[in-house]
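Have a look at structure.cif; it's mmCIF, C-alpha atoms:
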data_my_file
loop_
_atom_site.label_atom_id
_atom_site.label_comp_id
_atom_site.auth_asym_id
_atom_site.auth_seq_id
_atom_site.Cartn_x
_atom_site.Cartn_y
_atom_site.Cartn_z
CA MET A 1 -15.77 30.87 23.04
CA ILE A 2 -17.55 28.66 20.49
CA GLU A 3 -21.13 29.17 19.45
CA VAL A 4 -22.83 26.72 17.10
CA ALA A 5 -26.32 27.39 15.73
CA GLY A 6 -28.59 25.51 13.34
CA LEU A 7 -25.76 23.39 11.95
CA HIS A 8 -26.66 20.92 9.19
CA HIS A 9 -24.33 18.78 7.13
CA ASP A 10 -24.65 15.83 4.80
CA TYR A 11 -22.49 13.66 2.55
CA GLY A 12 -24.10 13.05 -0.84
CA GLY A 13 -27.58 13.56 0.60
CA GLN A 14 -26.95 11.32 3.61
CA PRO A 15 -27.39 13.45 6.76
CA SER A 16 -24.36 13.71 8.97
CA LEU A 17 -25.39 16.48 11.37
CA VAL A 18 -28.95 17.78 11.87
CA ASP A 19 -29.82 21.06 13.57
CA ILE A 20 -26.89 21.13 15.99
CA ALA A 21 -26.69 24.02 18.46
CA PHE A 22 -24.53 24.50 21.55
CA THR A 23 -21.98 26.81 23.10
CA LEU A 24 -18.59 26.18 24.69
CA ALA A 25 -17.39 28.52 27.42
CA PRO A 26 -13.68 29.17 28.07
CA GLY A 27 -12.13 26.54 30.34
CA GLU A 28 -14.90 23.97 29.87
CA LYS A 29 -14.00 20.32 29.42
CA VAL A 30 -16.72 18.68 27.35
CA VAL A 31 -17.14 15.14 26.06
CA LEU A 32 -18.78 14.56 22.68
CA LEU A 33 -20.43 11.15 22.80
CA GLY A 34 -22.02 9.14 20.06
CA SER A 35 -21.91 5.81 18.30
CA ASN A 36 -19.83 5.22 15.18
CA GLY A 37 -21.01 7.20 12.16
CA CYS A 38 -23.19 9.66 14.09
CA GLY A 39 -21.14 12.70 12.97
CA LYS A 40 -18.64 13.31 15.80
CA SER A 41 -15.58 13.64 13.55
CA THR A 42 -17.48 15.75 11.04
CA LEU A 43 -18.55 18.13 13.81
CA LEU A 44 -14.96 18.54 15.00
CA LYS A 45 -13.77 19.24 11.44
CA ILE A 46 -16.49 21.86 10.99
CA LEU A 47 -15.52 23.48 14.31
CA ASP A 48 -11.90 23.53 13.09
CA GLY A 49 -12.93 25.21 9.82
CA LEU A 50 -11.80 22.29 7.65
CA ILE A 51 -15.25 21.48 6.27
CA ALA A 52 -17.94 23.98 5.32
CA ALA A 53 -21.27 22.98 6.87
CA LYS A 54 -24.17 22.86 4.41
CA SER A 55 -26.02 25.37 6.61
CA GLY A 56 -25.84 26.92 10.05
CA ARG A 57 -23.16 28.91 11.77
CA VAL A 58 -20.05 28.36 13.87
CA ASP A 59 -18.52 31.37 15.65
CA TYR A 60 -15.24 31.49 17.54
CA ASP A 61 -15.00 34.52 19.80
CA GLY A 62 -17.77 36.12 17.75
CA GLN A 63 -16.15 35.56 14.35
CA ALA A 64 -17.50 33.11 11.77
CA VAL A 65 -15.47 29.95 11.19
CA SER A 66 -15.45 28.26 7.78
CA PRO A 67 -12.93 27.38 5.07
CA SER A 68 -13.81 30.62 3.29
CA THR A 69 -13.41 32.94 6.31
CA LEU A 70 -10.10 31.22 7.09
CA LYS A 71 -8.70 32.52 3.80
CA GLN A 72 -8.12 35.85 5.57
CA PRO A 73 -4.45 35.57 6.63
CA ASP A 74 -4.69 37.39 9.99
CA TRP A 75 -7.80 35.52 11.06
CA ARG A 76 -6.36 32.20 9.93
CA ARG A 77 -3.13 32.83 11.80
CA ARG A 78 -4.99 33.61 15.01
CA PHE A 79 -7.56 30.80 14.69
CA ARG A 80 -5.05 28.11 13.75
CA ARG A 81 -2.83 29.10 16.66
CA GLU A 82 -5.68 29.13 19.19
CA VAL A 83 -7.71 26.14 17.99
CA ALA A 84 -6.07 22.75 17.48
CA LEU A 85 -7.54 19.47 16.25
CA LEU A 86 -6.04 16.07 17.01
CA PHE A 87 -7.21 13.68 14.30
CA GLN A 88 -8.28 10.15 15.17
CA ASN A 89 -5.55 8.86 12.84
CA PRO A 90 -2.42 10.79 13.85
CA ASP A 91 -0.64 9.66 10.66
CA VAL A 92 -2.56 12.25 8.65
CA MET A 93 -0.98 15.07 10.69
CA LEU A 94 2.64 13.93 10.70
CA PHE A 95 4.87 14.61 7.69
CA ASN A 96 8.09 16.17 8.97
CA PRO A 97 11.43 14.33 8.78
CA SER A 98 11.85 14.05 12.57
CA VAL A 99 9.77 14.26 15.72
CA TYR A 100 11.69 17.43 16.62
CA ASP A 101 10.71 19.09 13.33
CA GLU A 102 7.16 17.88 13.76
CA ILE A 103 6.77 19.62 17.13
CA ALA A 104 8.67 22.67 15.87
CA PHE A 105 6.45 23.01 12.77
CA GLY A 106 3.86 25.33 14.40
CA PRO A 107 6.26 27.53 16.41
CA ARG A 108 8.47 27.98 13.31
CA GLN A 109 5.46 29.22 11.33
CA MET A 110 4.84 31.74 14.12
CA GLU A 111 8.55 32.69 13.91
CA LEU A 112 8.78 32.36 17.70
CA ASP A 113 12.12 32.92 19.44
CA ASP A 114 11.88 29.93 21.77
CA VAL A 115 11.25 27.10 19.30
CA ASP A 116 13.86 24.76 20.78
CA ALA A 117 12.67 25.34 24.35
CA ARG A 118 9.05 24.73 23.35
CA VAL A 119 9.90 21.52 21.52
CA ARG A 120 11.85 20.11 24.45
CA HIS A 121 9.25 21.27 27.00
CA TRP A 122 6.27 19.62 25.26
CA ALA A 123 8.22 16.55 24.15
CA GLY A 124 9.13 16.05 27.81
CA LEU A 125 5.58 16.56 29.04
CA VAL A 126 4.06 14.03 26.64
CA GLY A 127 7.01 11.64 27.00
CA VAL A 128 8.52 11.60 23.51
CA THR A 129 11.94 13.19 24.22
CA GLU A 130 13.72 9.92 23.40
CA PHE A 131 12.17 9.98 19.88
CA LEU A 132 13.11 13.55 18.94
CA ASP A 133 15.60 12.46 16.25
CA ARG A 134 13.43 9.71 14.80
CA PRO A 135 11.10 10.03 11.79
CA PRO A 136 7.51 10.03 13.13
CA PHE A 137 6.39 7.25 10.77
CA THR A 138 8.69 4.77 12.54
CA LEU A 139 6.77 5.15 15.83
CA SER A 140 3.89 3.06 17.15
CA GLY A 141 0.29 4.33 17.00
CA GLY A 142 0.30 5.49 20.62
CA GLU A 143 3.66 7.22 20.23
CA LYS A 144 2.46 9.01 17.09
CA GLN A 145 -0.60 10.16 19.06
CA ARG A 146 1.68 11.71 21.69
CA VAL A 147 3.86 13.38 19.06
CA ALA A 148 0.80 14.84 17.32
CA LEU A 149 -0.48 16.10 20.69
CA ALA A 150 2.89 17.72 21.48
CA ALA A 151 2.94 19.31 18.01
CA LEU A 152 -0.43 20.92 18.73
CA LEU A 153 0.36 21.93 22.30
CA ALA A 154 3.63 23.60 21.28
CA LEU A 155 1.48 26.50 20.05
CA GLU A 156 -0.33 26.63 23.42
CA PRO A 157 -3.84 26.63 21.92
CA ARG A 158 -6.89 27.90 23.82
CA LEU A 159 -9.25 25.26 22.45
CA LEU A 160 -8.26 21.65 21.92
CA LEU A 161 -10.47 19.38 19.81
CA LEU A 162 -9.58 15.70 20.26
CA ASP A 163 -11.07 12.98 18.05
CA GLU A 164 -11.10 9.63 19.87
CA PRO A 165 -7.67 10.30 21.42
CA ALA A 166 -7.61 7.03 23.35
CA ALA A 167 -8.54 4.83 20.40
CA ALA A 168 -4.92 3.82 19.66
CA LEU A 169 -3.72 3.80 23.27
CA ASP A 170 -3.10 0.89 25.60
CA PRO A 171 -4.61 1.04 29.13
CA ARG A 172 -1.48 2.59 30.69
CA ALA A 173 -1.27 5.30 28.05
CA THR A 174 -5.01 5.94 28.37
CA GLY A 175 -4.58 6.53 32.10
CA TRP A 176 -1.75 8.94 31.37
CA LEU A 177 -3.88 10.81 28.81
CA VAL A 178 -6.81 11.24 31.22
CA ASP A 179 -4.54 12.75 33.89
CA PHE A 180 -2.68 14.86 31.35
CA LEU A 181 -5.86 16.36 29.88
CA ALA A 182 -7.34 17.00 33.34
CA ASP A 183 -4.34 19.17 34.24
CA LEU A 184 -4.19 20.99 30.90
CA PRO A 185 -5.38 24.62 31.20
CA VAL A 186 -7.34 24.68 27.93
CA THR A 187 -10.92 24.43 26.73
CA LEU A 188 -11.43 20.84 25.66
CA LEU A 189 -13.88 19.04 23.41
CA VAL A 190 -13.15 15.30 23.26
CA THR A 191 -15.03 12.70 21.25
CA THR A 192 -15.38 9.14 22.43
CA HIS A 193 -17.81 6.27 22.30
CA ASN A 194 -16.17 4.75 25.37
CA LEU A 195 -18.58 5.35 28.27
CA GLY A 196 -16.09 4.12 30.86
CA LEU A 197 -13.68 6.86 29.84
CA ALA A 198 -16.18 9.66 29.18
CA PRO A 199 -16.77 10.93 32.76
CA GLU A 200 -12.99 11.06 33.27
CA LEU A 201 -12.62 13.44 30.35
CA GLY A 202 -15.28 16.03 31.22
CA GLN A 203 -18.31 16.78 33.36
CA ARG A 204 -20.50 18.02 30.52
CA ALA A 205 -21.60 15.79 27.66
CA LEU A 206 -22.84 16.55 24.19
CA VAL A 207 -24.47 13.40 22.84
CA LEU A 208 -25.17 12.83 19.16
CA GLY A 209 -27.94 10.37 18.40
CA GLU A 210 -28.18 7.97 15.49
CA ASP A 211 -30.48 10.49 13.79
CA HIS A 212 -27.47 12.89 13.86
CA ARG A 213 -29.28 15.32 16.19
CA LEU A 214 -28.04 16.51 19.56
CA LEU A 215 -29.70 14.11 21.99
CA HIS A 216 -28.29 15.57 25.20
CA ASP A 217 -26.39 18.65 26.31
CA GLY A 218 -25.68 18.76 30.04
CA ASP A 219 -24.12 16.92 32.95
CA ILE A 220 -22.66 13.62 31.96
CA GLU A 221 -23.55 11.53 35.05
CA PRO A 222 -27.37 11.73 34.70
CA PHE A 223 -27.06 10.79 31.03
CA LEU A 224 -24.88 7.77 31.78
CA ALA A 225 -27.41 6.63 34.40
CA ASP A 226 -30.31 6.85 31.94
CA THR A 227 -30.43 3.47 30.18
CA GLU A 228 -33.27 4.51 27.87
CA ARG A 229 -31.25 7.41 26.49
CA LEU A 230 -28.11 5.29 26.21
CA ILE A 231 -30.08 2.80 24.14
CA ALA A 232 -31.53 5.62 22.01
CA ALA A 233 -27.98 6.84 21.30
CA ASN A 234 -26.80 3.30 20.52
CA LEU A 235 -24.37 3.61 23.41
CA ALA A 236 -25.65 0.55 25.25
CA HIS A 237 -25.77 -3.07 24.23
CA VAL A 238 -27.54 -6.16 25.48
CA HIS A 239 -26.20 -9.68 25.49
CA ARG A 240 -26.61 -13.02 27.26
CA HIS A 241 -24.66 -13.79 30.44
CA ARG A 242 -23.95 -17.30 31.52
CA HIS A 243 -23.27 -18.02 35.20
CA GLY A 244 -22.87 -21.77 35.61
CA GLY A 245 -26.23 -23.19 34.54
CA LEU A 246 -28.03 -19.82 34.73
CA GLU A 247 -28.46 -17.48 31.81
CA HIS A 248 -29.87 -13.93 31.72
CA ARG A 249 -29.72 -10.75 29.61
CA HIS A 250 -29.35 -7.10 30.54
CA TRP A 251 -28.12 -3.79 29.13
CA HIS A 252 -24.57 -2.48 29.43
CA GLY A 253 -23.03 0.86 28.73
CA HIS A 254 -20.58 0.56 25.82
CA ASP A 255 -17.22 0.98 27.55
CA TRP A 256 -14.81 -1.19 25.62
CA GLN A 257 -12.34 0.08 23.05
CA MET B 1 -32.25 3.52 -14.76
CA PRO B 2 -29.60 2.20 -17.16
CA SER B 3 -30.08 -1.29 -18.50
CA ALA B 4 -27.42 -3.95 -18.09
CA ALA B 5 -27.35 -4.54 -21.88
CA LEU B 6 -26.67 -0.86 -22.60
CA GLU B 7 -23.93 -0.64 -19.97
CA ARG B 8 -22.36 -3.83 -21.30
CA ALA B 9 -22.45 -2.37 -24.82
CA LYS B 10 -20.64 0.75 -23.54
CA PHE B 11 -18.04 -1.51 -21.95
CA LEU B 12 -17.47 -3.33 -25.26
CA VAL B 13 -17.22 -0.04 -27.17
CA TRP B 14 -14.68 1.26 -24.66
CA LEU B 15 -12.69 -1.96 -24.88
CA ALA B 16 -12.67 -1.86 -28.69
CA ALA B 17 -11.67 1.82 -28.67
CA ILE B 18 -8.80 1.16 -26.27
CA VAL B 19 -7.52 -1.73 -28.40
CA ALA B 20 -7.82 0.42 -31.54
CA ALA B 21 -5.96 3.31 -29.89
CA SER B 22 -3.15 0.97 -28.90
CA TRP B 23 -2.83 -0.30 -32.50
CA LEU B 24 -3.00 3.05 -34.31
CA SER B 25 0.39 4.51 -35.15
CA ASP B 26 -0.73 7.38 -37.37
CA ALA B 27 -0.87 10.66 -35.45
CA ALA B 28 -3.67 11.95 -37.69
CA TRP B 29 -5.97 9.05 -36.80
CA LEU B 30 -5.12 9.41 -33.11
CA ALA B 31 -5.86 13.14 -33.29
CA ALA B 32 -9.16 12.42 -35.02
CA GLY B 33 -10.04 9.92 -32.28
CA LEU B 34 -9.13 12.45 -29.63
CA GLY B 35 -11.33 15.03 -31.33
CA LEU B 36 -14.26 12.60 -31.32
CA VAL B 37 -13.81 11.83 -27.63
CA LEU B 38 -13.58 15.54 -26.78
CA LEU B 39 -16.82 16.11 -28.68
CA ALA B 40 -18.48 13.19 -26.91
CA ALA B 41 -17.42 14.58 -23.53
CA GLY B 42 -19.71 17.59 -24.08
CA ARG B 43 -19.80 19.99 -21.17
CA ALA B 44 -17.44 17.78 -19.14
CA VAL B 45 -14.68 18.27 -21.72
CA PHE B 46 -12.49 20.68 -19.73
CA ARG B 47 -12.85 18.80 -16.44
CA LEU B 48 -12.09 15.42 -18.03
CA THR B 49 -9.20 16.78 -20.10
CA ARG B 50 -7.65 18.37 -17.03
CA ARG B 51 -8.04 15.10 -15.11
CA ALA B 52 -6.55 13.07 -17.99
CA LEU B 53 -3.61 15.45 -18.34
CA LEU B 54 -2.89 15.36 -14.59
CA ALA B 55 -3.14 11.57 -14.52
CA THR B 56 -0.75 11.06 -17.42
CA LEU B 57 1.63 13.99 -17.08
CA ALA B 58 4.14 12.29 -14.78
CA PHE B 59 4.41 9.22 -17.03
CA THR B 60 4.35 10.86 -20.44
CA GLY B 61 6.51 13.75 -19.29
CA THR B 62 9.24 11.50 -17.91
CA VAL B 63 9.20 9.05 -20.83
CA SER B 64 9.02 11.79 -23.47
CA LEU B 65 11.82 13.88 -21.99
CA THR B 66 14.07 10.87 -21.43
CA TYR B 67 13.55 9.51 -24.94
CA ALA B 68 13.89 12.95 -26.53
CA ALA B 69 17.17 13.52 -24.69
CA TRP B 70 18.51 10.12 -25.68
CA PHE B 71 17.42 10.63 -29.34
CA TRP B 72 19.03 14.09 -29.43
CA TRP B 73 22.28 12.65 -28.06
CA GLN B 74 22.27 9.84 -30.64
CA GLN B 75 21.01 11.65 -33.76
CA ASP B 76 21.19 15.35 -33.05
CA ALA B 77 17.44 15.72 -33.71
CA LEU B 78 14.12 15.45 -31.90
CA PRO B 79 11.86 12.39 -32.46
CA LEU B 80 8.85 14.61 -33.15
CA ASP B 81 6.71 11.93 -34.83
CA TRP B 82 7.23 9.54 -31.94
CA LEU B 83 6.58 12.22 -29.30
CA VAL B 84 3.33 13.34 -30.93
CA THR B 85 2.08 9.78 -31.51
CA VAL B 86 2.83 8.46 -28.02
CA ASN B 87 1.47 11.50 -26.19
CA LEU B 88 -1.68 11.57 -28.31
CA ARG B 89 -2.22 7.86 -27.69
CA VAL B 90 -1.78 8.11 -23.93
CA LEU B 91 -4.07 11.15 -23.70
CA LEU B 92 -6.69 9.50 -25.92
CA MET B 93 -6.69 6.30 -23.82
CA ALA B 94 -6.88 8.24 -20.55
CA LEU B 95 -9.72 10.45 -21.80
CA LEU B 96 -11.59 7.45 -23.19
CA THR B 97 -11.32 5.73 -19.82
CA PHE B 98 -12.38 8.74 -17.76
CA LEU B 99 -15.34 9.32 -20.09
CA PHE B 100 -16.29 5.64 -19.88
CA ILE B 101 -16.11 5.63 -16.06
CA GLU B 102 -18.20 8.81 -15.88
CA ARG B 103 -20.91 7.65 -18.29
CA THR B 104 -21.17 3.97 -17.32
CA ASN B 105 -22.52 2.03 -14.39
CA LEU B 106 -19.53 -0.28 -14.01
CA PHE B 107 -21.37 -2.70 -11.76
CA LEU B 108 -24.00 -3.29 -14.45
CA ALA B 109 -21.39 -3.35 -17.22
CA LEU B 110 -19.33 -6.05 -15.54
CA GLY B 111 -22.31 -7.91 -14.06
CA PHE B 112 -21.88 -10.73 -16.63
CA SER B 113 -18.78 -11.97 -14.77
CA ARG B 114 -18.84 -12.85 -11.09
CA ARG B 115 -15.07 -12.60 -10.89
CA LEU B 116 -14.88 -9.19 -12.60
CA SER B 117 -17.68 -7.94 -10.33
CA PHE B 118 -15.75 -9.04 -7.25
CA LEU B 119 -12.62 -7.33 -8.54
CA LEU B 120 -14.60 -4.17 -9.22
CA VAL B 121 -16.04 -4.16 -5.69
CA LEU B 122 -12.52 -4.62 -4.38
CA ALA B 123 -11.13 -1.76 -6.47
CA VAL B 124 -14.01 0.64 -5.74
CA SER B 125 -14.04 -0.01 -1.99
CA GLN B 126 -10.27 0.45 -1.86
CA SER B 127 -10.33 3.66 -3.86
CA LEU B 128 -13.17 5.17 -1.82
CA ALA B 129 -11.42 4.37 1.45
CA LEU B 130 -8.13 5.74 0.14
CA ARG B 131 -9.81 8.89 -1.16
CA ARG B 132 -11.32 9.52 2.28
CA THR B 133 -7.89 9.09 3.82
CA LEU B 134 -6.32 11.40 1.24
CA ASP B 135 -8.88 14.04 2.21
CA GLU B 136 -7.84 13.53 5.84
CA PHE B 137 -4.17 14.06 4.96
CA ARG B 138 -5.09 17.30 3.19
CA GLN B 139 -7.14 18.40 6.21
CA GLY B 140 -4.34 17.35 8.58
CA LEU B 141 -1.93 19.73 6.85
CA ASP B 142 -4.56 22.46 6.55
CA SER B 143 -5.38 22.27 10.27
CA ARG B 144 -1.71 22.86 11.16
CA ALA B 145 -1.04 25.61 8.63
CA LEU B 146 -1.06 29.00 10.33
CA VAL B 147 0.21 30.62 7.17
CA ARG B 148 0.31 29.50 3.55
CA VAL B 149 2.38 26.33 3.62
CA GLY B 150 5.54 26.44 1.48
CA LEU B 151 6.35 24.08 -1.38
CA ARG B 152 8.84 22.06 0.68
CA ASP B 153 6.25 21.26 3.35
CA ARG B 154 3.62 20.51 0.72
CA TYR B 155 5.98 18.05 -0.99
CA ARG B 156 6.82 16.45 2.34
CA ALA B 157 3.15 16.09 3.25
CA ALA B 158 2.31 14.72 -0.21
CA ALA B 159 5.21 12.25 -0.07
CA ARG B 160 4.17 11.09 3.40
CA ALA B 161 0.56 10.68 2.27
CA ALA B 162 1.64 8.77 -0.85
CA GLY B 163 3.89 6.47 1.20
CA TRP B 164 1.18 5.84 3.78
CA LEU B 165 -1.47 5.20 1.15
CA PHE B 166 0.81 2.85 -0.77
CA ASP B 167 1.58 0.83 2.37
CA ARG B 168 -2.09 0.76 3.34
CA ALA B 169 -3.25 -0.17 -0.17
CA LEU B 170 -0.77 -3.03 -0.25
CA ALA B 171 -1.81 -4.27 3.19
CA ASN B 172 -5.52 -3.90 2.35
CA ALA B 173 -5.09 -5.71 -0.96
CA HIS B 174 -3.38 -8.64 0.81
CA GLU B 175 -6.13 -8.74 3.43
CA SER B 176 -8.91 -8.52 0.83
CA ALA B 177 -7.33 -11.22 -1.32
CA ARG B 178 -7.01 -13.49 1.73
CA ALA B 179 -10.59 -12.74 2.76
CA MET B 180 -11.85 -13.54 -0.74
CA GLN B 181 -9.72 -16.69 -0.88
CA SER B 182 -11.26 -17.79 2.39
CA ARG B 183 -14.67 -17.36 0.75
CA GLY B 184 -13.78 -19.51 -2.26
CA MET B 185 -12.49 -16.95 -4.79
CA PHE B 186 -9.31 -17.24 -6.89
CA ARG B 187 -9.16 -21.04 -6.77
#
Take the structure in this file and express it as structure tokens.
Amino acid sequence: MIEVAGLHHDYGGQPSLVDIAFTLAPGEKVVLLGSNGCGKSTLLKILDGLIAAKSGRVDYDGQAVSPSTLKQPDWRRRFRREVALLFQNPDVMLFNPSVYDEIAFGPRQMELDDVDARVRHWAGLVGVTEFLDRPPFTLSGGEKQRVALAALLALEPRLLLLDEPAAALDPRATGWLVDFLADLPVTLLVTTHNLGLAPELGQRALVLGEDHRLLHDGDIEPFLADTERLIAANLAHVHRHRHGGLEHRHWHGHDWQ
Amino acid sequence: MPSAALERAKFLVWLAAIVAASWLSDAAWLAAGLGLVLLAAGRAVFRLTRRALLATLAFTGTVSLTYAAWFWWQQDALPLDWLVTVNLRVLLMALLTFLFIERTNLFLALGFSRRLSFLLVLAVSQSLALRRTLDEFRQGLDSRALVRVGLRDRYRAAARAAGWLFDRALANAHESARAMQSRGMFR
């Protein structure tokens, strides 16, 4: 479905992604792990054709993806319908006067006949039906996240790219999201730096190291059990523990929000 | 590597030019000043002029049209001298400032004052963060646009981004001011 080869990107000479290569098969649920600033969000934006990589290639179903190729109307229409990106900050995606209009935005562009049914279906599934008449900016961070997700899902995309989707969610909402994504029949690429959550989101992990290279591509469990590699990816931390009068230090996977 | 003395000299020249532009009321002198700045801009002249026009258009357009309409209503004529003078002055000051920012290392130029340096850091860090967010808003709309987005949706997205950025800038400024107060500034 997605094929990435020799991808390089930088911001003002500072490397952001170095020699990234991987493929995503239809139906896969993959977790993109990495510490802050390692290039996870940049990679998702390149996969969504929002940023042009400095070099390398991204193909979706055999066709090149980049801001320039997406200027072709037919290709753009197909790609934007089938590939959806949930930004880490949902505010940047929400601009319509009501939650209803926000969810209806995509289906209306497609001139679909069942806009109202789609809006109510996805609003119900993500639990925002009670907000349909409210302006999105009046909602809490977690509620906005759900609205943005419903707005993307209303087009029934094939590939869903999620950037730290649990970052603004409380524990209950995070639990809901994990179950919801597990049942969703789409190809999924989810970024997180939360190791506790990662194995719940997918069985395969792509791990970006601090050198912005792909450190691991494979099953997630062996990676999470490998302390050396967790340390190399800056996904583990060490600190002192105090138990009564005793004190010791050891490594932990980074699983807090 | 620019020297602090040179950058400070550029700052003083810019300051003097801005004060002079605000005092001049003769359109010919303002036009001459504008010509000099355009010459000094060199190859960046079209880019800087475009940026200056975009930055000032909303203000000068609104003020000029409102005053022209009021003047026409009162005296049945257009205040051409005033319109030319004010618009030349605003454009000259904007161009001067954009040229100064482009050609000067502001951190070196303001290095003589600890307080001005702090304010500069505050302004630059805010503007960089806000620019990144503005890019995200643009990408957010782009990622959801299956077809070319219409003007109405563009205006809505721009208004939402402006509102969000204004709220965030205000909140950030309060936080930064408090943080700097807690470290001994502004007392």
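Take the candidates A:His121, A:Arg146, A:Arg242, A:Arg76 and check each one against chain B using all atoms listed in the file; the shortest distance goes to A:Arg76.
If you take all atoms listed in the file and a cut-off of 10 Å, the residues of chain B that reach chain A are Thr133, Leu134, Asp135, Glu136, Phe137, Arg138, Gln139, Gly140, Leu141, Asp142, Ser143, Arg144, Ala145, Leu146, Val147, Arg148, Val149, Asp153, Arg154, Tyr155, Arg156, Ala157, Ala158, Ala159, Arg160, Ala161, Gly163 and Trp164 of chain B.
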Go through the shown structure with the PyMOL selection byres ((chain A and resi 60) around 6) and write out the matching residues as a VMD selection string. chain A and resid 1 to 2 59 61 to 63
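Between atom CA of A:Cys38 and atom CA of A:Asp219 the separation is 20.2 Å.
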Taking the file as shown, find all residues satisfying the PyMOL selection byres ((chain B and resi 92) around 8) and write them as a PDB file with C-alpha atoms, in the frame of the given file.
ATOM      1  CA  ALA B  21      -5.960   3.310 -29.890  1.00  0.00           C
ATOM      2  CA  LEU B  30      -5.120   9.410 -33.110  1.00  0.00           C
ATOM      3  CA  GLY B  33     -10.040   9.920 -32.280  1.00  0.00           C
ATOM      4  CA  LEU B  34      -9.130  12.450 -29.630  1.00  0.00           C
ATOM      5  CA  VAL B  37     -13.810  11.830 -27.630  1.00  0.00           C
ATOM      6  CA  LEU B  88      -1.680  11.570 -28.310  1.00  0.00           C
ATOM      7  CA  ARG B  89      -2.220   7.860 -27.690  1.00  0.00           C
ATOM      8  CA  VAL B  90      -1.780   8.110 -23.930  1.00  0.00           C
ATOM      9  CA  LEU B  91      -4.070  11.150 -23.700  1.00  0.00           C
ATOM     10  CA  MET B  93      -6.690   6.300 -23.820  1.00  0.00           C
ATOM     11  CA  ALA B  94      -6.880   8.240 -20.550  1.00  0.00           C
ATOM     12  CA  LEU B  95      -9.720  10.450 -21.800  1.00  0.00           C
ATOM     13  CA  LEU B  96     -11.590   7.450 -23.190  1.00  0.00           C
TER      14      LEU B  96
END
Residues matched by the PyMOL selection byres ((chain B and resi 111) around 12), written as an MDAnalysis selection string: chainID B and resid 3:8 11 105:110 112:121
I'd like the interatomic distance between atom CA of B:Ser182 and atom CA of B:Arg131, to a tenth of an Å. 27.0 Å
When you draw a straight line from atom CA of A:Arg213 to atom CA of A:Val18, how long is it in Å? 5.0 Å
